[in-house]
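Pasting run33.txt here (compact mmCIF, C-alpha atoms and all ligand atoms):
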```txt
# COMPACT_ATOMS: atom_id res chain seq x y z
CA MET A 1 -26.29 -4.91 -46.24
CA SER A 2 -26.36 -8.69 -46.70
CA THR A 3 -29.39 -10.51 -45.36
CA ALA A 4 -27.18 -12.66 -43.12
CA SER A 5 -25.70 -9.70 -41.28
CA ALA A 6 -29.13 -8.07 -41.00
CA ARG A 7 -30.58 -11.12 -39.27
CA ALA A 8 -27.82 -12.43 -37.00
CA PRO A 9 -26.41 -10.15 -34.33
CA ARG A 10 -22.69 -9.72 -34.98
CA ARG A 11 -20.56 -11.73 -32.63
CA THR A 12 -17.54 -9.92 -31.40
CA ALA A 13 -14.76 -12.34 -30.59
CA ARG A 14 -13.78 -12.25 -26.93
CA PRO A 15 -10.22 -10.99 -26.59
CA LEU A 16 -7.74 -13.63 -25.54
CA PRO A 17 -6.33 -13.34 -22.04
CA TRP A 18 -2.89 -11.78 -21.80
CA THR A 19 0.01 -13.98 -20.80
CA ASP A 20 1.38 -13.56 -17.27
CA ASP A 21 4.23 -11.49 -18.66
CA GLU A 22 1.86 -9.23 -20.59
CA LEU A 23 -0.30 -8.64 -17.53
CA GLU A 24 2.78 -7.80 -15.45
CA HIS A 25 3.99 -5.47 -18.17
CA ARG A 26 0.68 -3.59 -17.99
CA LEU A 27 0.90 -3.36 -14.19
CA ARG A 28 4.40 -1.91 -14.55
CA GLU A 29 3.19 0.61 -17.13
CA ILE A 30 0.46 1.84 -14.77
CA ALA A 31 2.91 1.98 -11.85
CA ALA A 32 5.44 3.93 -13.89
CA GLU A 33 2.84 6.63 -14.30
CA ARG A 34 0.73 6.50 -11.15
CA TYR A 35 2.57 4.80 -8.27
CA HIS A 36 3.40 7.23 -5.47
CA HIS A 37 7.19 6.99 -5.96
CA ARG A 38 6.55 9.80 -8.48
CA HIS A 39 4.50 11.99 -6.18
CA PRO A 40 6.08 15.44 -5.62
CA PHE A 41 6.00 14.90 -1.84
CA ASN A 42 8.04 11.70 -2.14
CA LEU A 43 10.43 13.37 -4.56
CA ARG A 44 11.00 16.20 -2.09
CA MET A 45 11.46 13.65 0.69
CA HIS A 46 14.13 11.80 -1.27
CA ASP A 47 15.90 15.04 -2.18
CA GLY A 48 16.20 15.92 1.50
CA LEU A 49 13.94 18.95 1.16
CA LEU A 50 11.38 18.19 3.88
CA THR A 51 11.42 20.07 7.16
CA PRO A 52 11.08 18.05 10.39
CA GLU A 53 7.45 19.26 10.63
CA GLU A 54 6.69 18.06 7.12
CA LEU A 55 8.19 14.64 7.83
CA ARG A 56 6.22 14.42 11.06
CA CYS A 57 3.03 15.26 9.17
CA TRP A 58 3.73 12.37 6.78
CA VAL A 59 4.57 9.90 9.57
CA LEU A 60 1.44 10.79 11.53
CA ASN A 61 -0.85 10.51 8.52
CA ARG A 62 0.74 7.34 7.16
CA PHE A 63 0.13 5.75 10.56
CA HIS A 64 -3.57 5.99 9.78
CA TYR A 65 -2.92 3.88 6.66
CA GLN A 66 -0.71 1.41 8.55
CA ARG A 67 -3.17 0.74 11.33
CA HIS A 68 -5.89 -0.09 8.77
CA ILE A 69 -3.83 -2.61 6.81
CA PRO A 70 -4.55 -5.51 9.20
CA ILE A 71 -8.24 -4.56 9.18
CA LYS A 72 -8.43 -4.76 5.40
CA ASP A 73 -6.46 -8.02 5.49
CA ALA A 74 -8.97 -9.42 7.96
CA LEU A 75 -11.74 -8.48 5.50
CA ILE A 76 -9.87 -10.30 2.73
CA LEU A 77 -9.26 -13.29 5.00
CA ALA A 78 -12.99 -13.62 5.58
CA LYS A 79 -13.52 -14.00 1.82
CA LEU A 80 -11.08 -16.85 1.36
CA ASP A 81 -12.81 -20.22 1.38
CA ASP A 82 -9.60 -22.22 1.19
CA ARG A 83 -7.95 -23.26 4.44
CA GLU A 84 -4.40 -23.19 3.06
CA LEU A 85 -4.93 -19.70 1.70
CA ARG A 86 -6.25 -18.44 5.03
CA ARG A 87 -3.25 -19.98 6.82
CA SER A 88 -1.00 -18.01 4.54
CA TRP A 89 -2.93 -14.72 4.43
CA ILE A 90 -3.28 -14.49 8.22
CA ARG A 91 0.49 -13.99 8.39
CA ARG A 92 -0.06 -10.44 7.10
CA ILE A 93 -2.15 -9.57 10.13
CA HIS A 94 0.52 -10.91 12.49
CA ASP A 95 3.21 -9.01 10.57
CA HIS A 96 1.48 -5.76 11.46
CA ASP A 97 -0.17 -6.54 14.79
CA GLY A 98 2.74 -8.64 16.12
CA ARG A 99 2.94 -12.22 17.35
CA ASP A 100 3.77 -13.97 20.61
CA GLY A 101 6.84 -16.17 20.65
CA ASP A 102 6.08 -19.90 20.92
CA GLY A 103 7.45 -23.28 19.83
CA ASP A 104 7.08 -22.24 16.18
CA GLY A 105 9.31 -19.20 16.40
CA PRO A 106 10.29 -16.02 18.17
CA GLY A 107 7.83 -13.26 18.95
CA ASP A 108 7.68 -9.99 17.09
CA ALA A 109 6.37 -6.59 18.18
CA GLY A 110 4.93 -6.09 14.67
CA GLY A 111 4.82 -3.34 12.08
CA ILE A 112 2.37 -1.10 13.91
CA GLU A 113 4.67 -1.01 16.94
CA ARG A 114 7.64 -0.35 14.65
CA TRP A 115 5.71 2.54 13.07
CA LEU A 116 4.99 3.98 16.54
CA ARG A 117 8.75 3.83 17.19
CA LEU A 118 9.31 5.56 13.87
CA GLY A 119 6.97 8.27 15.15
CA GLU A 120 9.04 8.59 18.33
CA ALA A 121 12.24 8.71 16.25
CA VAL A 122 10.93 11.78 14.41
CA GLY A 123 9.71 13.38 17.62
CA LEU A 124 6.04 12.37 17.77
CA ASP A 125 4.44 11.10 20.94
CA ARG A 126 2.99 7.63 20.45
CA MET A 127 -0.15 8.67 22.33
CA LEU A 128 -0.74 11.35 19.69
CA LEU A 129 -0.44 8.77 16.92
CA LEU A 130 -2.73 6.36 18.72
CA SER A 131 -5.31 9.10 19.35
CA GLY A 132 -5.81 9.67 15.62
CA GLU A 133 -5.74 13.40 16.25
CA GLY A 134 -4.43 15.46 13.36
CA VAL A 135 -5.20 12.88 10.66
CA LEU A 136 -6.20 14.85 7.58
CA PRO A 137 -9.71 14.46 6.10
CA GLY A 138 -8.29 13.45 2.71
CA VAL A 139 -6.19 10.76 4.35
CA ARG A 140 -9.20 9.40 6.24
CA LEU A 141 -11.14 9.22 2.98
CA ALA A 142 -8.31 7.56 1.04
CA VAL A 143 -7.81 4.91 3.72
CA GLU A 144 -11.53 4.30 4.10
CA GLY A 145 -11.73 3.98 0.32
CA TYR A 146 -9.10 1.25 0.36
CA VAL A 147 -10.67 -0.65 3.26
CA ASN A 148 -14.12 -0.49 1.67
CA PHE A 149 -12.77 -1.56 -1.69
CA CYS A 150 -11.45 -4.72 -0.04
CA ARG A 151 -14.65 -5.14 1.98
CA LEU A 152 -16.92 -4.96 -1.07
CA GLY A 153 -14.78 -6.31 -3.88
CA THR A 154 -14.22 -9.87 -5.02
CA PRO A 155 -11.23 -11.73 -3.56
CA LEU A 156 -9.45 -11.21 -6.90
CA GLU A 157 -10.01 -7.43 -6.84
CA ALA A 158 -9.07 -7.11 -3.17
CA ILE A 159 -5.86 -9.08 -3.64
CA ALA A 160 -5.01 -7.28 -6.89
CA SER A 161 -5.25 -3.97 -5.07
CA SER A 162 -2.38 -5.06 -2.81
CA LEU A 163 -0.12 -5.48 -5.85
CA THR A 164 1.29 -1.99 -5.36
CA GLU A 165 3.53 -3.89 -2.96
CA LEU A 166 5.42 -5.08 -6.03
CA PHE A 167 6.89 -1.58 -6.12
CA ALA A 168 7.01 -0.64 -2.41
CA PRO A 169 10.25 -2.47 -1.44
CA ASP A 170 12.42 -0.60 -3.98
CA LEU A 171 10.84 2.65 -2.86
CA MET A 172 11.61 1.80 0.76
CA VAL A 173 15.25 1.07 -0.09
CA THR A 174 15.44 4.53 -1.72
CA ARG A 175 13.72 6.03 1.32
CA ILE A 176 16.11 4.40 3.80
CA GLY A 177 19.11 5.75 1.86
CA ALA A 178 17.59 9.22 1.59
CA TRP A 179 16.74 9.37 5.29
CA GLU A 180 20.24 8.27 6.30
CA ARG A 181 21.78 10.86 3.99
CA HIS A 182 19.49 13.83 4.46
CA TYR A 183 17.79 13.53 7.84
CA PRO A 184 20.54 12.52 10.32
CA TRP A 185 18.45 13.96 13.16
CA ILE A 186 16.11 10.94 12.91
CA GLU A 187 17.17 8.16 15.28
CA PRO A 188 18.29 5.13 13.20
CA GLU A 189 15.88 2.88 15.17
CA GLY A 190 13.11 4.70 13.31
CA LEU A 191 14.20 3.09 10.02
CA ARG A 192 13.55 -0.37 11.36
CA TYR A 193 9.98 -0.37 10.05
CA PHE A 194 11.19 -0.02 6.47
CA GLN A 195 14.15 -2.39 6.88
CA VAL A 196 11.84 -5.20 8.03
CA ARG A 197 9.11 -4.33 5.53
CA VAL A 198 11.35 -4.60 2.44
CA GLN A 199 11.56 -8.36 2.72
CA GLN A 200 7.95 -8.80 3.93
CA GLY A 201 6.70 -6.66 1.05
CA ARG A 202 8.57 -8.74 -1.55
CA ARG A 203 7.16 -11.96 -0.17
CA ASP A 204 3.61 -10.55 0.06
CA ALA A 205 3.76 -9.17 -3.47
CA ASP A 206 4.98 -12.52 -4.87
CA GLU A 207 2.18 -14.32 -3.09
CA ALA A 208 -0.49 -11.88 -4.33
CA LEU A 209 0.85 -11.96 -7.88
CA ALA A 210 0.78 -15.76 -8.00
CA LEU A 211 -2.87 -15.73 -6.85
CA VAL A 212 -3.79 -13.08 -9.41
CA HIS A 213 -2.21 -15.11 -12.21
CA ARG A 214 -4.07 -18.21 -11.01
CA TRP A 215 -7.48 -16.56 -10.64
CA ALA A 216 -7.57 -14.03 -13.49
CA GLU A 217 -8.43 -16.49 -16.22
CA THR A 218 -10.19 -14.23 -18.72
CA ARG A 219 -9.31 -10.89 -20.24
CA ALA A 220 -12.26 -9.40 -18.31
CA ASP A 221 -10.76 -10.67 -15.03
CA GLN A 222 -7.41 -9.21 -16.00
CA GLU A 223 -9.00 -5.85 -16.79
CA ARG A 224 -10.52 -5.91 -13.31
CA VAL A 225 -7.06 -6.58 -11.88
CA LEU A 226 -5.70 -3.50 -13.66
CA SER A 227 -8.63 -1.39 -12.42
CA ALA A 228 -8.09 -2.53 -8.84
CA PHE A 229 -4.40 -1.79 -9.12
CA THR A 230 -5.07 1.66 -10.58
CA PHE A 231 -7.54 2.40 -7.80
CA LYS A 232 -4.92 1.51 -5.20
CA CYS A 233 -2.31 3.72 -6.86
CA ASP A 234 -4.87 6.52 -6.60
CA VAL A 235 -5.41 5.80 -2.88
CA LEU A 236 -1.69 6.20 -2.19
CA TRP A 237 -1.47 9.26 -4.43
CA SER A 238 -4.47 10.93 -2.74
CA LEU A 239 -2.97 10.32 0.67
CA LEU A 240 0.16 12.22 -0.36
CA ASP A 241 -1.89 14.95 -2.06
CA ALA A 242 -3.60 15.59 1.27
CA VAL A 243 -0.27 15.70 3.11
CA GLU A 244 1.32 17.90 0.45
CA ARG A 245 -1.52 20.41 0.64
CA ALA A 246 -1.54 20.47 4.44
CA VAL A 247 2.18 21.20 4.66
CA ALA A 248 1.88 23.88 1.97
CA LEU A 249 -0.89 25.59 3.95
CA ASN A 250 1.04 25.22 7.20
CA SER A 251 4.40 26.45 5.95
CA GLY A 252 5.41 29.01 8.52
CA ALA A 253 3.41 27.29 11.27
CA ALA A 254 6.37 25.35 12.60
CA ASP A 255 4.51 23.60 15.42
CA ALA A 256 1.69 22.09 13.40
CA TYR A 257 3.00 18.62 14.39
O1 LIG A 301 5.87 3.04 2.26
C1 LIG A 301 5.36 2.72 1.17
O2 LIG A 301 5.60 3.31 0.11
C2 LIG A 301 4.40 1.60 1.21
C3 LIG A 301 3.61 1.29 0.12
C4 LIG A 301 2.69 0.24 0.21
C5 LIG A 301 1.92 -0.07 -1.02
O3 LIG A 301 2.44 0.20 -2.12
O4 LIG A 301 0.81 -0.51 -0.97
C6 LIG A 301 2.57 -0.47 1.44
C7 LIG A 301 3.46 -0.10 2.47
N1 LIG A 301 4.32 0.90 2.35
C8 LIG A 301 3.48 -0.80 3.74
O5 LIG A 301 4.30 -0.47 4.60
C9 LIG A 301 2.56 -1.84 3.97
O6 LIG A 301 2.56 -2.44 5.05
C10 LIG A 301 1.65 -2.16 2.95
C11 LIG A 301 0.61 -3.10 2.92
C12 LIG A 301 0.00 -2.93 1.72
C13 LIG A 301 -1.19 -3.60 1.20
O7 LIG A 301 -1.80 -3.08 0.27
O8 LIG A 301 -1.57 -4.66 1.75
N2 LIG A 301 0.62 -1.96 1.01
C14 LIG A 301 1.64 -1.48 1.74
```
Represent the structure of the file as structure tokens.
Amino acid sequence: MSTASARAPRRTARPLPWTDDELEHRLREIAAERYHHRHPFNLRMHDGLLTPEELRCWVLNRFHYQRHIPIKDALILAKLDDRELRRSWIRRIHDHDGRDGDGDGPGDAGGIERWLRLGEAVGLDRMLLLSGEGVLPGVRLAVEGYVNFCRLGTPLEAIASSLTELFAPDLMVTRIGAWERHYPWIEPEGLRYFQVRVQQGRRDADEALALVHRWAETRADQERVLSAFTFKCDVLWSLLDAVERAVALNSGAADAY
């Protein structure tokens, strides 16, 4: 051992940050493996193999996720110290909760109302959805995990966890086609949630990605972005695991939902 290396602690060079393209490539690699478009429940949905009860179970449980999205966005909003950013981020809350019409534009019932109509289109009473009855324990935990992640994380981590929306619009387009083809018993009005969300999701994902590129300056920041994104993929995957298991246990019990 040379005396120099014995005395001075070895400095490991900090890895250079990835370029924007490299970071996006890594997000896509994780999504290709872990995003919920690959979950067996979604695959069965797209192949037209779900029974009405199984679809109802999914709609009811996904409503629990939907109704918490504006809450987690309010938690993110409270972390943003820039007025312009808050003006932009608050739009997400209105997209889900709805907005009154005024001089600036027409009103909108909002995504939560559209999801309640989706529930009605598959035969679920909106009062049941609003009651929260029947939401599976695993779904409650997954959703709480996501909300708490955004409550406790840095703005960068919270916003990075929403980047799954980069992949949601294409999945929704697939879902709309599959529902039209395989589940004609669902009233077409029920698809409205997804039709509206495709464009909103693309815009929200572009906005979040631009912020992530701006804020994730170091490789360590970028690693945190990938961890947040992976965590969120796991939230969505766990939600479907819970639904998949519940419908497997209930097969034969036609009136579970
Ligand atoms: O149906 C889907 O597959 C899907 C996925 C995701 C997603 O990937 O996070 C969202 C949504 N839908 C959605 O409707 C939605 O409003 C939404 C908000 C967010 C978010 O993290 O802020 N993700 C998603």
Draw an axis-aligned box tight on the listed atoms of ligand LIG 301 (chain A), then pad every side by 6 Å and write out centre and edge lengths in Å to one decimal as JSON.
```
{"center_x": 2.0, "center_y": -0.7, "center_z": 1.5, "size_x": 19.7, "size_y": 20.0, "size_z": 19.2}
```
Pick from A:Ala168, A:Val173, A:Leu226, A:Ile76, whichever lies nearest to ligand LIG 301 (chain A) using all atoms listed in the file:
A:Ala168
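Near ligand LIG 301 (chain A), the residues found within 6 Å are Ile69, Ser162, Thr164, Glu165 and Ala168 of chain A (criterion computed using only C-alpha atoms and all ligand atoms).
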I want to know what sits within 12 Å of Asp221 in chain A, based on only C-alpha atoms, with residues of the same chain fewer than 2 positions away left out; could you give that as a VMD selection string?
chain A and resid 15 to 18 23 154 to 157 160 212 to 219 223 to 228
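Shell of Ala109 in chain A at 10 Å, with all atoms listed in the file counted and residues fewer than 6 places along the chain excluded, is His94, Asp95, His96, Asp97, Gly98, Arg99, Asp100 and Gly101 of chain A.
Of the listed residues (A:Leu85, A:Val243, A:Ala158, A:Arg28), A:Val243 comes nearest to Pro137 in chain A; the distances count only C-alpha atoms.
With CA of Gly153 in chain A on one side and CA of Glu113 in chain A on the other, the separation reads 29.0 Å.
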Do you have the CA of Met45 in chain A-CA of Phe149 in chain A distance handy?
28.7 Å
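Between CA of Gly190 in chain A and CA of Thr174 in chain A lies a distance of 15.2 Å.
Among the candidates A:Glu54, A:Asp104, A:Asp125, A:Asp234, the one nearest to Ala142 in chain A when counting all atoms listed in the file is A:Asp234.
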Given all atoms listed in the file as the counted atoms, nearest of A:Met172, A:Leu152, A:Leu211, A:Ala248 to Leu75 in chain A:
A:Leu152
Counting only C-alpha atoms, which residues in range 24-126 of chain A sit no more than 8 Å from range 192-200 of chain A? For each one, give the nearest pair of atoms and the distance in Å, sorted by chain then residue number, as a tab-separated table.
```
residue	atom	partner	partner_atom	distance
A:Gly111	CA	A:Tyr193	CA	6.3
A:Arg114	CA	A:Tyr193	CA	5.2
A:Trp115	CA	A:Tyr193	CA	6.0
A:Leu118	CA	A:Tyr193	CA	7.1
```
Write out the residues from the selection above, keeping C-alpha atoms, as an mmCIF file, keeping the file's coordinate frame.
```cif
data_model
loop_
_atom_site.group_PDB
_atom_site.id
_atom_site.type_symbol
_atom_site.label_atom_id
_atom_site.label_comp_id
_atom_site.auth_asym_id
_atom_site.auth_seq_id
_atom_site.Cartn_x
_atom_site.Cartn_y
_atom_site.Cartn_z
ATOM 1 C CA GLY A 111 4.820 -3.340 12.080
ATOM 2 C CA ARG A 114 7.640 -0.350 14.650
ATOM 3 C CA TRP A 115 5.710 2.540 13.070
ATOM 4 C CA LEU A 118 9.310 5.560 13.870
#
```
For Ala31 in chain A, the nearest of the candidates A:His46, A:Lys79, A:Lys232, A:Arg245, counting all atoms listed in the file
A:Lys232
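Residues in contact range of Leu77 in chain A, defined as at most 7 Å between all atoms listed in the file, with sequence neighbours fewer than 6 positions away removed, read Arg86, Trp89 and Ile90 of chain A.
If you measure from each of A:Gly105, A:Leu209, A:Asp47, A:Arg34 to Glu180 in chain A using all atoms listed in the file, the closest one turns out to be A:Asp47.
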Which polymer residues have any atom within 10 Å of an atom of Ser238 in chain A, counting all atoms listed in the file, with same-chain residues fewer than 2 positions away left out, as a ChimeraX atom specification?
/A:36,39,138-139,141-143,232-236,240-244
